[in-house]
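K.L.:
Could you have a look at this structure, given as structure tokens, before my questions?
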Amino acid sequence: MALSPLALKRAYKSAFPLLIVFLLAGVLTPAAEADTPRDPDIDAMVRQVDARAIGRTIAKLVSFGTRHTLSSQDDPARGIGAARDWIHGEFARIAATSGGRMTVEKQSFVQPVSPRVPVPTTITNVVATLRGSQDASAGRTYVVSGHYDSRCTDVMDATCDAPGADDDASGVAVAIEAARVMATRTFDATVVFMAVAGEEQGLYGSAYYAQQARQSNTDIQGMFTNDIVGSADGENGSAPGAVRVFSEGVPTSETPAQASVRQSVGGENDGVSRQLARFVRETAERYVPWFDASLYYRRDRYLRGGDQIPFLQQGYPAVRFTEVHEDYRHQHQDVRVEDGVQYGDLTRFVETGYVARVAQVNVAALAALARGPRAPVRAAIVTSRLTNDTDLRWDANPEPDVAGYEVVWRGTTEPMWTHSRFVGNVTSYTVEGLSKDNYQFGVRAVDRQGHRGPVSYPAPAS
């Protein structure tokens, strides 16, 4: 039997064991999911995002004149070194509020000569790590970043004024503000807040971090880069109520064997980054309903790329946040007035209220990921019998507070999961009467507080 919306609402407001009893009786639709338990602390974090603090961060970064990767590293007032030290000081100040859970470091390396690096150059990422508190989840890591380097029209000009207010002081401000809001709280998993350099010269800072993470077997389950998130207004319109979330479908790191399976059964729209993007959107709908996390099903924009790409190359799920309507007069431009038009990436073209809304989406999604369970591993759709049912199995999650699992599905042409069913604390389930040939299926874990994890897309298995 199917539960009415009123019955579902009453069930969710009761104790969680009773919730499970109700959910076992029927199927949840997206409309019913709006009544699922909300984490009041995530609501509080979203409310605490401060547009004024974001504005101060952007203004301070702009004040360094240029943050070009090849600019001065030892001038206390101008250049990338001054910006690096200020960001480190901000993260250290925030870490002091964390009760010892957050640590801050400068991750430096020497970038060899490359097309946009004429001499060996030290590049430094500033990294603040908020350690998870649950033993089973502390190794699971989520990363949020912006790049603090900037540039003018000539990517090799290290001395010109390059304010970089939107690209990408805005993204760094999101990472710093997320750290400020989240540092005083505890999370099951680990969250890394990061400002990287070398982006404009070739994504070098993020590439180094991702490579080091892979070499040390860091379990990064999601990475957000915020790059050009400063304005609702662009050359072709205004979108004050939305931000683009870019995600790839077919994984960059896909092997030939994985490609062969995908080509046989589908899944072009179901890579791990696409599932992460769906999670961001669902979380934003719940905690930031006044702002749309609009999904864009491609890795990035034409002729452009961002710091999510090195993470994708290492096999990590990653997405990019970018404003909907870009203004290219205010990106990668020398500051000048030409034919009465102001060029340059100036503070006056950044809207701190808009950046704050982007930060709210980041905070809500990061908190929900770090508070909730991981995506189940080894999810499989069993193909050993010819049937019009769908047989699923997965490994049990390691978290001690997992209450059970939901099976989700949608039509093969649907962009989002449209149905879900709580199936209990089991590791296999048969969806009777729904053929695996006609739907896309997935599975996600749910903890005792009602936090859901991202969906795992099952691979075919006998």
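Following the order of the structure tokens, chains are lettered A, B, ..., residues in each are numbered from 1, and ligands are numbered from 1.
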Enumerate the residues of range 40-161 of chain A with a DSSP assignment of alpha helix (DSSP H), computed from the backbone, and present them as a PyMOL selection string.

P.N.:
chain A and resi 40-48+51-62+80-95

K.L.:
Keeping only N, CA and C atoms, write the selected residues as a short mmCIF file (atom, residue, chain, number, x, y, z; two decimals), in the first residue's frame.

P.N.:
```cif
data_model
loop_
_atom_site.label_atom_id
_atom_site.label_comp_id
_atom_site.auth_asym_id
_atom_site.auth_seq_id
_atom_site.Cartn_x
_atom_site.Cartn_y
_atom_site.Cartn_z
N PRO A 40 18.82 20.42 12.43
CA PRO A 40 18.70 21.83 12.81
C PRO A 40 20.03 22.56 12.86
N ASP A 41 21.11 21.82 13.09
CA ASP A 41 22.41 22.47 13.13
C ASP A 41 22.87 22.88 11.73
N ILE A 42 22.50 22.10 10.71
CA ILE A 42 22.81 22.52 9.34
C ILE A 42 22.01 23.76 8.99
N ASP A 43 20.76 23.81 9.43
CA ASP A 43 19.98 25.04 9.25
C ASP A 43 20.70 26.23 9.89
N ALA A 44 21.22 26.02 11.09
CA ALA A 44 21.90 27.10 11.79
C ALA A 44 23.17 27.52 11.06
N MET A 45 23.93 26.56 10.53
CA MET A 45 25.14 26.89 9.78
C MET A 45 24.81 27.74 8.56
N VAL A 46 23.76 27.36 7.85
CA VAL A 46 23.37 28.11 6.66
C VAL A 46 23.04 29.56 7.04
N ARG A 47 22.32 29.73 8.15
CA ARG A 47 21.95 31.09 8.58
C ARG A 47 23.16 31.90 9.00
N GLN A 48 24.21 31.25 9.47
CA GLN A 48 25.37 31.97 9.99
C GLN A 48 26.35 32.43 8.92
N ALA A 51 27.54 37.59 4.66
CA ALA A 51 27.96 38.28 3.44
C ALA A 51 28.99 39.37 3.73
N ARG A 52 28.90 39.99 4.91
CA ARG A 52 29.87 41.05 5.25
C ARG A 52 31.27 40.46 5.43
N ALA A 53 31.35 39.31 6.09
CA ALA A 53 32.65 38.66 6.25
C ALA A 53 33.23 38.26 4.89
N ILE A 54 32.37 37.77 4.02
CA ILE A 54 32.80 37.41 2.68
C ILE A 54 33.33 38.64 1.95
N GLY A 55 32.63 39.76 2.08
CA GLY A 55 33.08 40.99 1.44
C GLY A 55 34.42 41.45 1.95
N ARG A 56 34.65 41.31 3.24
CA ARG A 56 35.96 41.70 3.81
C ARG A 56 37.08 40.82 3.26
N THR A 57 36.81 39.53 3.12
CA THR A 57 37.82 38.63 2.57
C THR A 57 38.17 39.00 1.14
N ILE A 58 37.16 39.25 0.32
CA ILE A 58 37.41 39.60 -1.08
C ILE A 58 38.19 40.91 -1.17
N ALA A 59 37.78 41.90 -0.38
CA ALA A 59 38.46 43.20 -0.42
C ALA A 59 39.92 43.06 0.01
N LYS A 60 40.18 42.24 1.02
CA LYS A 60 41.56 42.06 1.48
C LYS A 60 42.41 41.40 0.40
N LEU A 61 41.89 40.38 -0.24
CA LEU A 61 42.65 39.71 -1.28
C LEU A 61 42.94 40.65 -2.45
N VAL A 62 41.97 41.46 -2.81
CA VAL A 62 42.17 42.43 -3.89
C VAL A 62 43.24 43.44 -3.51
N ILE A 80 51.69 37.42 -4.42
CA ILE A 80 51.06 36.17 -3.97
C ILE A 80 51.55 35.74 -2.60
N GLY A 81 52.79 36.09 -2.24
CA GLY A 81 53.29 35.72 -0.92
C GLY A 81 52.52 36.41 0.19
N ALA A 82 52.22 37.68 0.01
CA ALA A 82 51.43 38.40 1.02
C ALA A 82 50.04 37.80 1.14
N ALA A 83 49.42 37.46 0.01
CA ALA A 83 48.10 36.83 0.04
C ALA A 83 48.14 35.47 0.72
N ARG A 84 49.16 34.70 0.40
CA ARG A 84 49.35 33.38 1.03
C ARG A 84 49.41 33.50 2.54
N ASP A 85 50.22 34.43 3.04
CA ASP A 85 50.39 34.56 4.48
C ASP A 85 49.12 35.05 5.17
N TRP A 86 48.39 35.93 4.49
CA TRP A 86 47.14 36.41 5.08
C TRP A 86 46.11 35.29 5.16
N ILE A 87 45.98 34.50 4.10
CA ILE A 87 45.03 33.38 4.11
C ILE A 87 45.40 32.39 5.22
N HIS A 88 46.69 32.11 5.35
CA HIS A 88 47.13 31.21 6.42
C HIS A 88 46.74 31.77 7.78
N GLY A 89 46.92 33.06 7.97
CA GLY A 89 46.53 33.67 9.24
C GLY A 89 45.05 33.59 9.50
N GLU A 90 44.23 33.75 8.47
CA GLU A 90 42.78 33.64 8.62
C GLU A 90 42.38 32.23 9.01
N PHE A 91 42.95 31.23 8.33
CA PHE A 91 42.64 29.85 8.68
C PHE A 91 43.11 29.53 10.10
N ALA A 92 44.27 30.05 10.49
CA ALA A 92 44.77 29.81 11.85
C ALA A 92 43.84 30.43 12.88
N ARG A 93 43.34 31.62 12.59
CA ARG A 93 42.40 32.27 13.52
C ARG A 93 41.13 31.45 13.65
N ILE A 94 40.65 30.93 12.55
CA ILE A 94 39.45 30.08 12.57
C ILE A 94 39.73 28.78 13.31
N ALA A 95 40.90 28.19 13.08
CA ALA A 95 41.25 26.93 13.74
C ALA A 95 41.27 27.06 15.25
#
```

K.L.:
Write out as an NGL selection string which residues come within 9 Å of Ile220 in chain A when counting only C-alpha atoms, dropping same-chain ones fewer than 5 positions away.

P.N.:
:A and (139-143 or 213-214 or 316-317)

K.L.:
Identify all residues of range 331-399 of chain A in strand (DSSP E) (DSSP on the backbone) and supply them as a PyMOL selection string.

P.N.:
chain A and resi 336-338+341-343+380-382+390-393

K.L.:
May I have the selected residues written with C-alpha atoms, as a PDB file, in the first residue's frame?

P.N.:
```pdb
ATOM      1  CA  ARG A 336      41.322  49.780 -18.113  1.00  0.00           C
ATOM      2  CA  VAL A 337      38.514  51.819 -19.631  1.00  0.00           C
ATOM      3  CA  GLU A 338      38.082  51.248 -23.335  1.00  0.00           C
ATOM      4  CA  VAL A 341      33.600  50.293 -20.916  1.00  0.00           C
ATOM      5  CA  GLN A 342      35.325  49.337 -17.658  1.00  0.00           C
ATOM      6  CA  TYR A 343      37.437  46.201 -17.960  1.00  0.00           C
ATOM      7  CA  ALA A 380      25.732  -4.483  -7.777  1.00  0.00           C
ATOM      8  CA  ILE A 381      22.723  -5.247  -9.906  1.00  0.00           C
ATOM      9  CA  VAL A 382      22.451  -9.037 -10.124  1.00  0.00           C
ATOM     10  CA  THR A 390      15.501  -6.064 -10.115  1.00  0.00           C
ATOM     11  CA  ASP A 391      17.902  -7.760  -7.710  1.00  0.00           C
ATOM     12  CA  LEU A 392      20.384  -5.501  -5.897  1.00  0.00           C
ATOM     13  CA  ARG A 393      23.172  -6.122  -3.391  1.00  0.00           C
TER      14      ARG A 393
END
```

K.L.:
Here is a test: counting only C-alpha atoms, which residue of A:Thr218, A:Asn125, A:Thr252, A:Thr412 is nearest to Leu203 in chain A?

P.N.:
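Nearest candidate to Leu203 in chain A out of A:Thr218, A:Asn125, A:Thr252, A:Thr412: A:Asn125.
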
K.L.:
Do you know which residues are at most 6 Å from range 278-292 of chain A counting only C-alpha atoms, after dropping those on the same chain fewer than 3 positions away, and could you put them as number ranges by chain?

P.N.:
A: 241-242, 275, 361, 365, 454

K.L.:
Could you jot down the CA of Asn397 in chain A to CA of Asp270 in chain A separation for me, Å, one decimal place?

P.N.:
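Atom-to-atom, CA of Asn397 in chain A and CA of Asp270 in chain A are spaced 20.6 Å apart.
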
K.L.:
I want to know what sits within 6 Å of Cys152 in chain A, based on only C-alpha atoms, with residues of the same chain fewer than 2 positions away left out; could you give that as an NGL selection string?

P.N.:
:A and (154 or 162 or 332-334)

K.L.:
The selected residues should be written to file as a PDB file, in the first residue's frame (atoms: all heavy atoms).

P.N.:
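Result file follows (again_5.pdb):
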```
ATOM      1  N   ASP A 154      47.617  39.204 -20.208  1.00  0.00           N
ATOM      2  CA  ASP A 154      48.788  38.389 -20.496  1.00  0.00           C
ATOM      3  C   ASP A 154      49.055  37.480 -19.299  1.00  0.00           C
ATOM      4  O   ASP A 154      49.423  37.939 -18.209  1.00  0.00           O
ATOM      5  CB  ASP A 154      49.989  39.294 -20.760  1.00  0.00           C
ATOM      6  CG  ASP A 154      51.277  38.527 -21.058  1.00  0.00           C
ATOM      7  OD1 ASP A 154      51.251  37.275 -21.031  1.00  0.00           O
ATOM      8  OD2 ASP A 154      52.306  39.184 -21.302  1.00  0.00           O
ATOM      9  N   ALA A 162      46.304  42.897 -10.907  1.00  0.00           N
ATOM     10  CA  ALA A 162      45.387  41.791 -11.214  1.00  0.00           C
ATOM     11  C   ALA A 162      44.519  41.548  -9.984  1.00  0.00           C
ATOM     12  O   ALA A 162      44.819  40.682  -9.167  1.00  0.00           O
ATOM     13  CB  ALA A 162      46.169  40.534 -11.593  1.00  0.00           C
ATOM     14  N   HIS A 332      40.304  37.872 -16.588  1.00  0.00           N
ATOM     15  CA  HIS A 332      41.537  37.788 -17.384  1.00  0.00           C
ATOM     16  C   HIS A 332      41.733  39.050 -18.221  1.00  0.00           C
ATOM     17  O   HIS A 332      42.135  38.973 -19.389  1.00  0.00           O
ATOM     18  CB  HIS A 332      41.512  36.558 -18.304  1.00  0.00           C
ATOM     19  CG  HIS A 332      41.374  35.251 -17.587  1.00  0.00           C
ATOM     20  ND1 HIS A 332      41.355  34.041 -18.245  1.00  0.00           N
ATOM     21  CD2 HIS A 332      41.254  34.943 -16.262  1.00  0.00           C
ATOM     22  CE1 HIS A 332      41.223  33.061 -17.374  1.00  0.00           C
ATOM     23  NE2 HIS A 332      41.161  33.590 -16.154  1.00  0.00           N
ATOM     24  N   GLN A 333      41.474  40.205 -17.629  1.00  0.00           N
ATOM     25  CA  GLN A 333      41.563  41.469 -18.350  1.00  0.00           C
ATOM     26  C   GLN A 333      42.442  42.460 -17.589  1.00  0.00           C
ATOM     27  O   GLN A 333      42.354  42.558 -16.364  1.00  0.00           O
ATOM     28  CB  GLN A 333      40.170  42.096 -18.522  1.00  0.00           C
ATOM     29  CG  GLN A 333      39.219  41.307 -19.395  1.00  0.00           C
ATOM     30  CD  GLN A 333      39.496  41.483 -20.875  1.00  0.00           C
ATOM     31  OE1 GLN A 333      40.337  42.300 -21.279  1.00  0.00           O
ATOM     32  NE2 GLN A 333      38.808  40.708 -21.702  1.00  0.00           N
ATOM     33  N   ASP A 334      43.269  43.201 -18.349  1.00  0.00           N
ATOM     34  CA  ASP A 334      43.948  44.352 -17.749  1.00  0.00           C
ATOM     35  C   ASP A 334      42.900  45.353 -17.278  1.00  0.00           C
ATOM     36  O   ASP A 334      41.875  45.559 -17.950  1.00  0.00           O
ATOM     37  CB  ASP A 334      44.853  45.029 -18.774  1.00  0.00           C
ATOM     38  CG  ASP A 334      46.040  44.171 -19.175  1.00  0.00           C
ATOM     39  OD1 ASP A 334      46.347  43.205 -18.455  1.00  0.00           O
ATOM     40  OD2 ASP A 334      46.642  44.465 -20.228  1.00  0.00           O
TER      41      ASP A 334
END
```

K.L.:
Name the residues in contact with Gly205 in chain A at a cut-off of 12 Å, using only C-alpha atoms, excluding same-chain residues fewer than 5 positions from it; report them as a JSON list (two decimals) with C-alpha atoms, in the first residue's frame.

P.N.:
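Output file selection-v9.json is given in full below:
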```
[["chain", "number", "residue", "atom", "x", "y", "z"],
["A", 69, "THR", "CA", 51.67, 32.89, -9.23],
["A", 106, "LYS", "CA", 51.21, 25.56, 3.94],
["A", 107, "GLN", "CA", 51.66, 22.81, 1.38],
["A", 108, "SER", "CA", 54.54, 23.97, -0.80],
["A", 109, "PHE", "CA", 56.29, 22.40, -3.77],
["A", 110, "VAL", "CA", 58.54, 23.59, -6.59],
["A", 111, "GLN", "CA", 56.87, 23.61, -9.99],
["A", 121, "THR", "CA", 58.69, 28.39, -8.91],
["A", 122, "THR", "CA", 57.46, 27.58, -5.41],
["A", 123, "ILE", "CA", 53.70, 27.15, -5.33],
["A", 124, "THR", "CA", 51.88, 26.98, -2.01],
["A", 125, "ASN", "CA", 48.44, 25.68, -1.13],
["A", 126, "VAL", "CA", 47.01, 26.85, 2.19],
["A", 127, "VAL", "CA", 45.13, 23.94, 3.75],
["A", 145, "SER", "CA", 38.57, 25.04, -2.50],
["A", 146, "GLY", "CA", 39.06, 28.28, -4.38],
["A", 147, "HIS", "CA", 42.22, 29.48, -6.10],
["A", 148, "TYR", "CA", 43.91, 32.57, -4.74],
["A", 149, "ASP", "CA", 46.17, 33.37, -7.67],
["A", 194, "MET", "CA", 41.74, 24.99, 0.87],
["A", 195, "ALA", "CA", 43.07, 27.94, -1.11],
["A", 196, "VAL", "CA", 45.27, 26.80, -3.99],
["A", 197, "ALA", "CA", 47.72, 28.65, -6.24],
["A", 198, "GLY", "CA", 48.98, 28.02, -9.75],
["A", 199, "GLU", "CA", 45.49, 27.62, -11.20],
["A", 200, "GLU", "CA", 45.90, 30.24, -13.91],
["A", 210, "ALA", "CA", 45.27, 15.57, -5.62],
["A", 211, "GLN", "CA", 48.42, 13.63, -6.52],
["A", 212, "GLN", "CA", 49.65, 13.66, -2.94],
["A", 306, "GLY", "CA", 39.16, 24.37, -13.14],
["A", 307, "ASP", "CA", 40.65, 22.78, -10.07],
["A", 308, "GLN", "CA", 38.16, 19.93, -10.07],
["A", 309, "ILE", "CA", 39.89, 18.40, -13.09],
["A", 310, "PRO", "CA", 43.07, 17.15, -11.33],
["A", 311, "PHE", "CA", 40.84, 15.44, -8.76]]
```

K.L.:
Hey, what's within 7 Å of Ala370 in chain A if we count only C-alpha atoms and toss same-chain stuff fewer than 4 positions away? As a PDB file with C-alpha atoms, in the first residue's frame, please?

P.N.:
```pdb
ATOM      1  CA  PHE A 187      31.387  16.003  11.949  1.00  0.00           C
ATOM      2  CA  ASP A 188      31.742  12.285  11.436  1.00  0.00           C
ATOM      3  CA  ALA A 189      34.023  12.714   8.404  1.00  0.00           C
ATOM      4  CA  THR A 190      36.927  15.061   7.699  1.00  0.00           C
ATOM      5  CA  LEU A 366      29.555  19.705   3.018  1.00  0.00           C
TER       6      LEU A 366
END
```
